[in-house]
file input.tsv (TSV, C-alpha atoms and all ligand atoms)
chain	number	residue	atom	x	y	z
A	1	MET	CA	0.00	0.00	0.00
A	2	ASN	CA	1.38	3.44	-0.87
A	3	ASP	CA	1.40	6.46	1.44
A	4	TYR	CA	-1.70	8.03	-0.04
A	5	GLU	CA	-4.08	5.13	0.33
A	6	ILE	CA	-6.38	5.12	3.31
A	7	ASN	CA	-6.71	1.87	5.19
A	8	TRP	CA	-10.38	2.06	6.08
A	9	GLN	CA	-10.29	-1.07	8.17
A	10	GLU	CA	-7.61	0.41	10.37
A	11	LEU	CA	-9.62	3.63	10.72
A	12	LEU	CA	-12.74	1.67	11.68
A	13	ASP	CA	-10.86	-0.48	14.14
A	14	GLU	CA	-9.31	2.59	15.75
A	15	THR	CA	-12.72	3.56	17.11
A	16	LEU	CA	-12.98	0.22	18.94
A	17	PRO	CA	-11.56	-0.17	22.44
A	18	PRO	CA	-8.23	-2.02	22.49
A	19	ASP	CA	-9.78	-4.96	24.35
A	20	HIS	CA	-12.58	-5.43	21.80
A	21	ARG	CA	-13.68	-9.04	21.46
A	22	SER	CA	-15.64	-10.85	18.80
A	23	GLY	CA	-16.49	-14.24	17.46
A	24	PHE	CA	-18.93	-16.73	16.04
A	25	VAL	CA	-21.08	-18.56	18.56
A	26	ALA	CA	-22.89	-21.69	17.39
A	27	VAL	CA	-26.16	-22.26	19.25
A	28	VAL	CA	-26.70	-26.02	19.18
A	29	GLY	CA	-28.77	-28.66	20.93
A	30	ARG	CA	-31.48	-31.23	20.39
A	31	PRO	CA	-34.83	-30.07	18.95
A	32	ASN	CA	-37.24	-28.00	21.08
A	33	VAL	CA	-34.90	-26.98	23.90
A	34	GLY	CA	-35.28	-23.23	23.22
A	35	LYS	CA	-32.35	-22.31	20.95
A	36	SER	CA	-34.36	-19.94	18.78
A	37	THR	CA	-36.18	-18.46	21.78
A	38	LEU	CA	-32.82	-17.67	23.33
A	39	LEU	CA	-31.45	-16.14	20.13
A	40	ASN	CA	-34.46	-13.82	19.86
A	41	ALA	CA	-34.18	-12.92	23.56
A	42	LEU	CA	-30.49	-12.07	23.29
A	43	LEU	CA	-31.05	-9.93	20.20
A	44	GLY	CA	-34.21	-8.31	21.58
A	45	GLN	CA	-35.77	-8.94	18.20
A	46	LYS	CA	-37.48	-11.85	16.49
A	47	ILE	CA	-35.46	-13.27	13.64
A	48	ALA	CA	-35.95	-17.00	14.27
A	49	ILE	CA	-39.35	-18.65	14.40
A	50	VAL	CA	-40.36	-20.59	17.49
A	51	SER	CA	-42.94	-23.29	18.11
A	52	ALA	CA	-43.88	-25.94	20.62
A	53	ARG	CA	-43.00	-28.60	18.04
A	54	PRO	CA	-39.57	-30.14	17.71
A	55	GLN	CA	-37.68	-29.47	14.47
A	56	THR	CA	-39.02	-25.99	13.92
A	57	THR	CA	-35.76	-24.44	12.73
A	58	ARG	CA	-34.54	-25.90	9.43
A	59	ASN	CA	-31.70	-23.55	8.43
A	60	ARG	CA	-28.78	-21.82	10.05
A	61	ILE	CA	-29.84	-18.32	11.12
A	62	THR	CA	-27.32	-15.61	11.91
A	63	GLY	CA	-28.05	-13.06	14.62
A	64	ILE	CA	-25.53	-10.29	15.27
A	65	LEU	CA	-25.19	-8.55	18.61
A	66	THR	CA	-22.94	-5.51	18.81
A	67	THR	CA	-21.97	-3.68	21.99
A	68	ASP	CA	-19.26	-1.09	22.62
A	69	ASP	CA	-16.65	-3.70	23.40
A	70	MET	CA	-17.87	-6.87	21.68
A	71	GLN	CA	-19.55	-8.27	18.58
A	72	VAL	CA	-21.10	-11.71	18.83
A	73	VAL	CA	-22.28	-13.47	15.70
A	74	PHE	CA	-24.76	-16.08	16.90
A	75	VAL	CA	-25.67	-18.93	14.59
A	76	ASP	CA	-28.98	-20.56	15.51
A	77	THR	CA	-29.20	-24.09	14.15
A	78	PRO	CA	-31.74	-26.87	13.60
A	79	GLY	CA	-32.07	-29.36	16.44
A	80	ILE	CA	-29.66	-32.27	16.19
A	81	HIS	CA	-31.62	-35.53	15.96
A	82	LYS	CA	-31.68	-38.88	14.21
A	83	PRO	CA	-32.90	-37.96	10.72
A	84	LYS	CA	-35.69	-39.90	9.02
A	85	HIS	CA	-35.56	-38.31	5.55
A	86	LYS	CA	-33.43	-36.08	3.34
A	87	LEU	CA	-34.82	-32.90	4.90
A	88	GLY	CA	-33.78	-34.17	8.34
A	89	GLU	CA	-30.33	-35.05	7.04
A	90	PHE	CA	-29.98	-31.52	5.67
A	91	MET	CA	-31.06	-30.04	9.01
A	92	VAL	CA	-28.57	-32.04	11.03
A	93	GLU	CA	-25.80	-31.22	8.54
A	94	GLU	CA	-26.68	-27.54	8.85
A	95	ALA	CA	-26.30	-27.77	12.61
A	96	LEU	CA	-23.03	-29.68	12.50
A	97	ALA	CA	-21.61	-27.36	9.82
A	98	SER	CA	-21.98	-24.40	12.19
A	99	MET	CA	-19.28	-25.78	14.47
A	100	PRO	CA	-16.02	-25.73	12.48
A	101	ASP	CA	-16.45	-21.97	11.88
A	102	ALA	CA	-17.35	-21.20	15.49
A	103	ASP	CA	-15.17	-19.70	18.22
A	104	LEU	CA	-17.44	-20.98	20.94
A	105	ILE	CA	-20.42	-23.28	21.28
A	106	LEU	CA	-23.52	-22.64	23.34
A	107	TRP	CA	-25.01	-26.04	24.08
A	108	ILE	CA	-28.66	-25.47	24.92
A	109	THR	CA	-30.44	-28.11	27.00
A	110	ASP	CA	-33.83	-28.43	28.66
A	111	VAL	CA	-33.03	-28.86	32.34
A	112	SER	CA	-36.66	-29.59	33.21
A	113	LYS	CA	-35.98	-32.99	31.64
A	114	ALA	CA	-33.21	-35.54	32.04
A	115	PRO	CA	-30.82	-35.88	29.07
A	116	ARG	CA	-32.29	-37.80	26.14
A	117	PRO	CA	-30.49	-39.84	23.47
A	118	ASP	CA	-30.42	-36.75	21.20
A	119	ASP	CA	-28.69	-34.79	24.00
A	120	GLU	CA	-26.13	-37.55	24.29
A	121	ARG	CA	-25.67	-37.43	20.52
A	122	VAL	CA	-24.94	-33.68	20.73
A	123	ALA	CA	-22.62	-34.10	23.71
A	124	SER	CA	-20.53	-36.73	21.95
A	125	VAL	CA	-20.07	-34.35	19.00
A	126	LEU	CA	-19.02	-31.60	21.42
A	127	ARG	CA	-16.56	-33.81	23.26
A	128	ALA	CA	-14.95	-34.77	19.93
A	129	GLN	CA	-13.97	-31.19	19.09
A	130	ALA	CA	-11.69	-28.68	20.76
A	131	LEU	CA	-13.88	-25.57	20.93
A	132	PRO	CA	-14.91	-24.01	24.24
A	133	VAL	CA	-18.41	-25.09	25.22
A	134	VAL	CA	-20.78	-23.17	27.46
A	135	LEU	CA	-23.55	-25.40	28.80
A	136	VAL	CA	-26.86	-23.53	28.93
A	137	MET	CA	-29.54	-25.22	31.00
A	138	ASN	CA	-32.80	-23.68	29.83
A	139	LYS	CA	-36.41	-23.78	31.04
A	140	ILE	CA	-35.61	-23.39	34.75
A	141	ASP	CA	-39.07	-21.80	35.04
A	142	ILE	CA	-40.69	-25.21	34.56
A	143	ALA	CA	-38.03	-27.38	36.21
A	144	SER	CA	-39.25	-28.77	39.50
A	145	PRO	CA	-36.65	-28.28	42.26
A	146	GLU	CA	-36.47	-32.00	43.05
A	147	TYR	CA	-35.24	-32.85	39.52
A	148	LEU	CA	-33.24	-29.69	38.86
A	149	LEU	CA	-30.16	-30.83	40.77
A	150	ALA	CA	-30.06	-34.33	39.32
A	151	ASN	CA	-30.74	-33.13	35.77
A	152	SER	CA	-28.14	-30.37	35.85
A	153	ALA	CA	-25.56	-32.81	37.24
A	154	ALA	CA	-26.39	-35.21	34.41
A	155	TYR	CA	-25.92	-32.51	31.76
A	156	ARG	CA	-22.65	-31.34	33.33
A	157	ALA	CA	-21.35	-34.89	33.35
A	158	LEU	CA	-21.88	-35.07	29.58
A	159	VAL	CA	-19.48	-32.16	28.94
A	160	PRO	CA	-16.87	-32.30	31.70
A	161	ASP	CA	-14.63	-29.86	29.80
A	162	ALA	CA	-17.26	-27.12	29.46
A	163	VAL	CA	-15.75	-23.70	30.26
A	164	ALA	CA	-18.92	-22.63	32.07
A	165	ASP	CA	-22.50	-23.61	32.76
A	166	ILE	CA	-25.50	-21.48	33.42
A	167	ALA	CA	-29.17	-22.04	34.25
A	168	ILE	CA	-31.68	-19.76	32.53
A	169	SER	CA	-35.19	-19.30	31.25
A	170	ALA	CA	-35.04	-17.96	27.71
A	171	LEU	CA	-38.81	-17.57	27.70
A	172	LYS	CA	-39.01	-15.55	30.93
A	173	GLN	CA	-35.61	-13.94	30.28
A	174	ARG	CA	-34.28	-15.09	33.61
A	175	GLY	CA	-30.52	-15.48	33.87
A	176	THR	CA	-30.06	-14.44	30.24
A	177	ASP	CA	-28.24	-11.23	31.23
A	178	ALA	CA	-25.36	-13.35	32.47
A	179	ILE	CA	-24.70	-14.85	29.04
A	180	LEU	CA	-23.02	-11.83	27.42
A	181	PRO	CA	-20.43	-11.33	30.17
A	182	LEU	CA	-19.67	-15.05	29.95
A	183	LEU	CA	-19.16	-14.81	26.21
A	184	ARG	CA	-16.94	-11.76	26.62
A	185	GLN	CA	-14.79	-13.77	28.96
A	186	HIS	CA	-14.35	-16.63	26.51
A	187	LEU	CA	-14.33	-15.00	23.07
A	188	PRO	CA	-10.98	-14.00	21.54
A	189	PRO	CA	-9.89	-10.41	20.84
A	190	GLY	CA	-11.06	-9.47	17.35
A	191	PRO	CA	-12.63	-6.87	15.07
A	192	ARG	CA	-16.23	-6.24	14.10
A	193	TYR	CA	-17.24	-8.52	11.24
A	194	PHE	CA	-20.50	-6.71	10.49
A	195	PRO	CA	-21.69	-3.08	10.63
A	196	PRO	CA	-22.84	-2.32	14.20
A	197	ASP	CA	-26.48	-1.77	13.19
A	198	GLN	CA	-26.85	-5.08	11.32
A	199	VAL	CA	-28.84	-7.66	13.30
A	200	THR	CA	-29.09	-10.52	10.83
A	201	ASP	CA	-28.20	-11.65	7.35
A	202	ILE	CA	-31.54	-13.28	6.54
A	203	GLN	CA	-33.58	-11.88	3.66
A	204	GLU	CA	-37.07	-10.41	4.02
A	205	ARG	CA	-38.51	-13.12	1.77
A	206	PHE	CA	-37.04	-15.85	3.94
A	207	LEU	CA	-38.37	-14.26	7.13
A	208	VAL	CA	-41.85	-13.96	5.59
A	209	ALA	CA	-41.86	-17.63	4.54
A	210	GLU	CA	-40.70	-18.59	8.04
A	211	LEU	CA	-43.40	-16.52	9.76
A	212	VAL	CA	-46.09	-18.19	7.64
A	213	ARG	CA	-44.62	-21.57	8.57
A	214	GLU	CA	-44.57	-20.58	12.25
A	215	LYS	CA	-48.27	-19.69	12.26
A	216	ALA	CA	-49.07	-22.95	10.48
A	217	LEU	CA	-46.99	-24.86	13.07
A	218	GLN	CA	-48.84	-23.12	15.88
A	219	HIS	CA	-52.30	-23.91	14.50
A	220	LEU	CA	-51.89	-27.43	13.17
A	221	ARG	CA	-51.73	-30.75	14.96
A	222	GLU	CA	-50.04	-34.08	14.60
A	223	GLU	CA	-47.98	-34.91	11.57
A	224	VAL	CA	-49.05	-32.04	9.30
A	225	PRO	CA	-46.53	-29.40	10.53
A	226	HIS	CA	-43.46	-31.41	9.64
A	227	ALA	CA	-44.75	-31.95	6.11
A	228	LEU	CA	-45.02	-28.19	5.51
A	229	ALA	CA	-42.80	-25.96	3.44
A	230	VAL	CA	-43.47	-22.36	2.48
A	231	GLU	CA	-42.26	-20.61	-0.63
A	232	VAL	CA	-42.73	-16.88	-1.20
A	233	GLU	CA	-43.55	-16.51	-4.87
A	234	ARG	CA	-44.11	-12.78	-5.07
A	235	PHE	CA	-42.91	-9.97	-2.83
A	236	LYS	CA	-43.67	-6.58	-4.31
A	237	ARG	CA	-43.67	-3.13	-2.79
A	238	ARG	CA	-46.56	-1.25	-4.40
A	239	ALA	CA	-46.70	2.51	-4.98
A	240	ASN	CA	-49.49	2.77	-2.36
A	241	GLY	CA	-46.96	1.78	0.29
A	242	MET	CA	-48.26	-1.73	0.68
A	243	ILE	CA	-46.26	-4.92	0.25
A	244	TYR	CA	-48.02	-7.53	-1.83
A	245	ILE	CA	-46.95	-11.03	-0.87
A	246	SER	CA	-48.01	-14.30	-2.40
A	247	ALA	CA	-46.81	-17.50	-0.77
A	248	ARG	CA	-47.37	-21.17	-1.46
A	249	ILE	CA	-47.59	-23.75	1.31
A	250	TYR	CA	-46.54	-27.25	0.31
A	251	VAL	CA	-47.84	-30.38	1.99
A	252	GLU	CA	-47.27	-34.02	1.09
A	253	ARG	CA	-50.81	-35.39	1.00
A	254	GLU	CA	-54.37	-34.41	0.04
A	255	THR	CA	-55.49	-35.19	3.59
A	256	GLN	CA	-52.95	-32.68	4.91
A	257	LYS	CA	-54.19	-30.11	2.42
A	258	ALA	CA	-57.73	-30.61	3.69
A	259	ILE	CA	-56.58	-30.07	7.30
A	260	LEU	CA	-54.57	-26.99	6.32
A	261	LEU	CA	-57.55	-25.48	4.51
A	262	GLY	CA	-60.02	-26.30	7.27
A	263	LYS	CA	-63.80	-26.05	6.97
A	264	GLY	CA	-64.55	-23.61	4.17
A	265	GLY	CA	-60.92	-22.46	4.21
A	266	SER	CA	-61.22	-21.26	7.82
A	267	MET	CA	-57.90	-22.70	9.01
A	268	LEU	CA	-55.88	-21.20	6.16
A	269	LYS	CA	-57.61	-17.89	6.78
A	270	ARG	CA	-56.61	-17.93	10.45
A	271	ILE	CA	-53.00	-18.80	9.61
A	272	GLY	CA	-52.91	-16.06	6.96
A	273	SER	CA	-54.37	-13.45	9.26
A	274	ASP	CA	-51.94	-14.25	12.11
A	275	ALA	CA	-49.01	-14.32	9.70
A	276	ARG	CA	-49.97	-11.02	8.09
A	277	LYS	CA	-50.19	-9.27	11.46
A	278	GLU	CA	-46.77	-10.45	12.51
A	279	ILE	CA	-45.15	-9.75	9.14
A	280	GLU	CA	-46.52	-6.21	9.33
A	281	ALA	CA	-45.11	-5.82	12.84
A	282	VAL	CA	-41.69	-7.15	11.88
A	283	LEU	CA	-41.36	-5.25	8.57
A	284	GLU	CA	-43.15	-2.19	9.93
A	285	GLU	CA	-45.13	-1.92	6.71
A	286	ARG	CA	-48.65	-2.74	5.59
A	287	VAL	CA	-48.96	-6.12	3.96
A	288	TYR	CA	-51.41	-7.89	1.69
A	289	LEU	CA	-50.81	-11.63	2.07
A	290	GLU	CA	-52.17	-14.28	-0.22
A	291	LEU	CA	-51.67	-17.98	0.61
A	292	TRP	CA	-52.00	-21.00	-1.66
A	293	VAL	CA	-51.77	-24.67	-0.78
A	294	LYS	CA	-50.21	-27.26	-3.04
A	295	VAL	CA	-49.68	-30.99	-2.59
A	296	LYS	CA	-46.22	-32.16	-3.48
A	297	PRO	CA	-45.91	-35.86	-2.58
A	298	LYS	CA	-42.77	-36.81	-0.63
A	299	TRP	CA	-41.02	-33.48	-1.13
A	300	ARG	CA	-38.97	-34.11	2.03
A	301	ARG	CA	-37.30	-37.04	0.29
A	302	ASP	CA	-36.79	-35.34	-3.08
A	303	ALA	CA	-33.34	-33.79	-3.54
A	304	ALA	CA	-34.42	-31.46	-6.37
A	305	GLU	CA	-37.44	-30.17	-4.43
A	306	LEU	CA	-35.35	-29.64	-1.31
A	307	ARG	CA	-32.82	-27.64	-3.28
A	308	ARG	CA	-35.58	-25.49	-4.77
A	309	LEU	CA	-36.99	-24.80	-1.31
A	310	GLY	CA	-33.63	-23.77	0.07
A	311	TYR	CA	-32.92	-26.96	1.99
A	312	ALA	CA	-29.68	-27.89	0.27
B	1	LIG	N1	-41.20	-22.87	29.84
B	1	LIG	C1	-40.26	-22.54	28.96
B	1	LIG	N2	-40.44	-22.78	27.66
B	1	LIG	C2	-39.48	-22.39	26.80
B	1	LIG	C3	-38.30	-21.76	27.22
B	1	LIG	N3	-37.54	-21.52	26.13
B	1	LIG	C4	-38.24	-21.97	25.07
B	1	LIG	N4	-39.42	-22.50	25.47
B	1	LIG	C5	-40.46	-23.12	24.63
B	1	LIG	O1	-39.95	-24.29	24.05
B	1	LIG	C6	-40.52	-24.49	22.75
B	1	LIG	C7	-39.41	-24.64	21.74
B	1	LIG	O2	-38.71	-23.41	21.62
B	1	LIG	P1	-37.77	-23.11	20.38
B	1	LIG	O3	-37.05	-21.85	20.67
B	1	LIG	O4	-38.53	-23.20	19.10
B	1	LIG	O5	-36.78	-24.35	20.49
B	1	LIG	P2	-35.58	-24.75	19.48
B	1	LIG	O6	-34.52	-25.36	20.31
B	1	LIG	O7	-35.21	-23.61	18.63
B	1	LIG	O8	-36.29	-25.89	18.63
B	1	LIG	P3	-35.92	-26.45	17.15
B	1	LIG	O9	-35.84	-25.28	16.23
B	1	LIG	O10	-37.08	-27.34	16.85
B	1	LIG	O11	-34.65	-27.20	17.28
B	1	LIG	C8	-41.43	-23.29	22.49
B	1	LIG	O12	-42.73	-23.65	22.83
B	1	LIG	C9	-40.88	-22.24	23.45
B	1	LIG	O13	-41.84	-21.30	23.87
B	1	LIG	C10	-38.13	-21.50	28.62
B	1	LIG	O14	-37.16	-20.94	29.10
B	1	LIG	N5	-39.14	-21.92	29.44
B	2	MG	MG	-35.24	-23.36	16.60
call {"tool": "encode", "arguments": {"input": "input.tsv", "output": "structure tokens"}}
result
Amino acid sequence: MNDYEINWQELLDETLPPDHRSGFVAVVGRPNVGKSTLLNALLGQKIAIVSARPQTTRNRITGILTTDDMQVVFVDTPGIHKPKHKLGEFMVEEALASMPDADLILWITDVSKAPRPDDERVASVLRAQALPVVLVMNKIDIASPEYLLANSAAYRALVPDAVADIAISALKQRGTDAILPLLRQHLPPGPRYFPPDQVTDIQERFLVAELVREKALQHLREEVPHALAVEVERFKRRANGMIYISARIYVERETQKAILLGKGGSMLKRIGSDARKEIEAVLEERVYLELWVKVKPKWRRDAAELRRLGYA
């Protein structure tokens, strides 16, 4: 570099305190333990959908938290489980792929329950790698005191080399304040990787599809939710200030389509209305949302379909 060139990176870094820390934090664990709930709580903003059903998250989702002296790039991941189809295999691969790039791993567990085989599966992956692990024992708000001690001891025993452990409730935001100081302690010195005002790298279209899927997950029962995929086909900002969105919901069977539609289309209407309200709140714009349902047999086992839907 010659004398006249400005090194912008150096200028930017100059404004950071000398002990600035940063890093990538993979948020991993078995399905349904509260990974996405915790990510949203830490960011103070909803970027990952949440539901009472296991296997809600299907992709890696980046959430960026910037303070004066630290930038944490969280990567929320699908729950690690024993996959039953190609979609499941993709999800588990997504979760595992978050680890080699990470500086630290947050292992989220549900301390209201004893470790399950999927927890043991996660723990064995964690023990086989050299990254610092922070054990997060979530859902203390529903953990009965008599089991809390035994369960937390059982989780600790699975990761004897963990650099720290902490008991929290992501839902009630209890204990969550202690997570950032812990991360600061264990993340390496480093620069900001993203502009300080950037919270995520997900696209609006993706978030919209996810919010539709979340509402469908919340309203539907039994096996239908897992067979759902949502594709945003049109996303247009109109001159009148409204966003026009058209999305297609895929299911695998006619019977699932019938359940999704409900009597006289009432179920789909409810899902659409809930989704529209939340999309409007998140995008802070008025939205017209149109939903369509299409049967696509066995799409979860079809490599080409999965690729098209962003699960590849
Ligand atoms: N009582 C209680 N429920 C919680 C807590 N954290 C999360 N939940 C609930 O647990 C369920 C699963 O939460 P998610 O955040 O979707 O869990 P996840 O680990 O991201 O799940 P997958 O994406 O399926 O792997 C939801 O019903 C949440 O409301 C908590 O601290 N206490
Ligand atoms: Mg999740």
call {"tool": "closest_residue", "arguments": {"input": "input.tsv", "among": "A:Phe194, A:Tyr311, A:Tyr244, A:Tyr147", "to": "Pro78 (chain A)", "atoms": "all atoms listed in the file"}}
result
A:Tyr311
call {"tool": "residues_around", "arguments": {"input": "input.tsv", "residues": "Pro83 (chain A)", "least_positions_apart": "4", "cutoff": "12 Å", "atoms": "only C-alpha atoms", "output": "JSON list (two decimals) with C-alpha atoms, in the frame of the given file"}}
result
[["chain", "number", "residue", "atom", "x", "y", "z"],
["A", 30, "ARG", "CA", -31.48, -31.23, 20.39],
["A", 31, "PRO", "CA", -34.83, -30.07, 18.95],
["A", 55, "GLN", "CA", -37.68, -29.47, 14.47],
["A", 78, "PRO", "CA", -31.74, -26.87, 13.60],
["A", 79, "GLY", "CA", -32.07, -29.36, 16.44],
["A", 87, "LEU", "CA", -34.82, -32.90, 4.90],
["A", 88, "GLY", "CA", -33.78, -34.17, 8.34],
["A", 89, "GLU", "CA", -30.33, -35.05, 7.04],
["A", 90, "PHE", "CA", -29.98, -31.52, 5.67],
["A", 91, "MET", "CA", -31.06, -30.04, 9.01],
["A", 92, "VAL", "CA", -28.57, -32.04, 11.03],
["A", 93, "GLU", "CA", -25.80, -31.22, 8.54],
["A", 118, "ASP", "CA", -30.42, -36.75, 21.20],
["A", 300, "ARG", "CA", -38.97, -34.11, 2.03],
["A", 301, "ARG", "CA", -37.30, -37.04, 0.29]]
call {"tool": "closest_residue", "arguments": {"input": "input.tsv", "among": "A:Asn151, A:Gln173, A:Gln203, A:Gln129", "to": "ligand LIG 1 (chain B)", "atoms": "all atoms listed in the file"}}
result
A:Gln173
call {"tool": "closest_residue", "arguments": {"input": "input.tsv", "among": "A:Glu285, A:Asp274, A:Asp119, A:Glu210", "to": "ligand MG 2 (chain B)", "atoms": "all atoms listed in the file"}}
result
A:Glu210
call {"tool": "residues_near_ligand", "arguments": {"input": "input.tsv", "ligand": "ligand MG 2 (chain B)", "cutoff": "8 Å", "atoms": "only C-alpha atoms and all ligand atoms", "output": "ChimeraX atom specification"}}
result
/A:31-32,34-37,48-51,55-58,76-79
call {"tool": "residues_around", "arguments": {"input": "input.tsv", "residues": "Leu131 (chain A)", "least_positions_apart": "5", "cutoff": "8 Å", "atoms": "all atoms listed in the file", "output": "PyMOL selection string"}}
result
chain A and resi 102-105+126
call {"tool": "closest_residue", "arguments": {"input": "input.tsv", "among": "A:Met242, A:Leu43, A:Ala162, A:Met137", "to": "ligand LIG 1 (chain B)", "atoms": "all atoms listed in the file"}}
result
A:Met137
call {"tool": "atom_distance", "arguments": {"input": "input.tsv", "atom1": "CA of Gln71 (chain A)", "atom2": "CA of Asn40 (chain A)"}}
result
16.0 Å
call {"tool": "closest_residue", "arguments": {"input": "input.tsv", "among": "A:Ala275, A:Leu180, A:Ala247, A:Ala303", "to": "Ser22 (chain A)", "atoms": "only C-alpha atoms"}}
result
A:Leu180
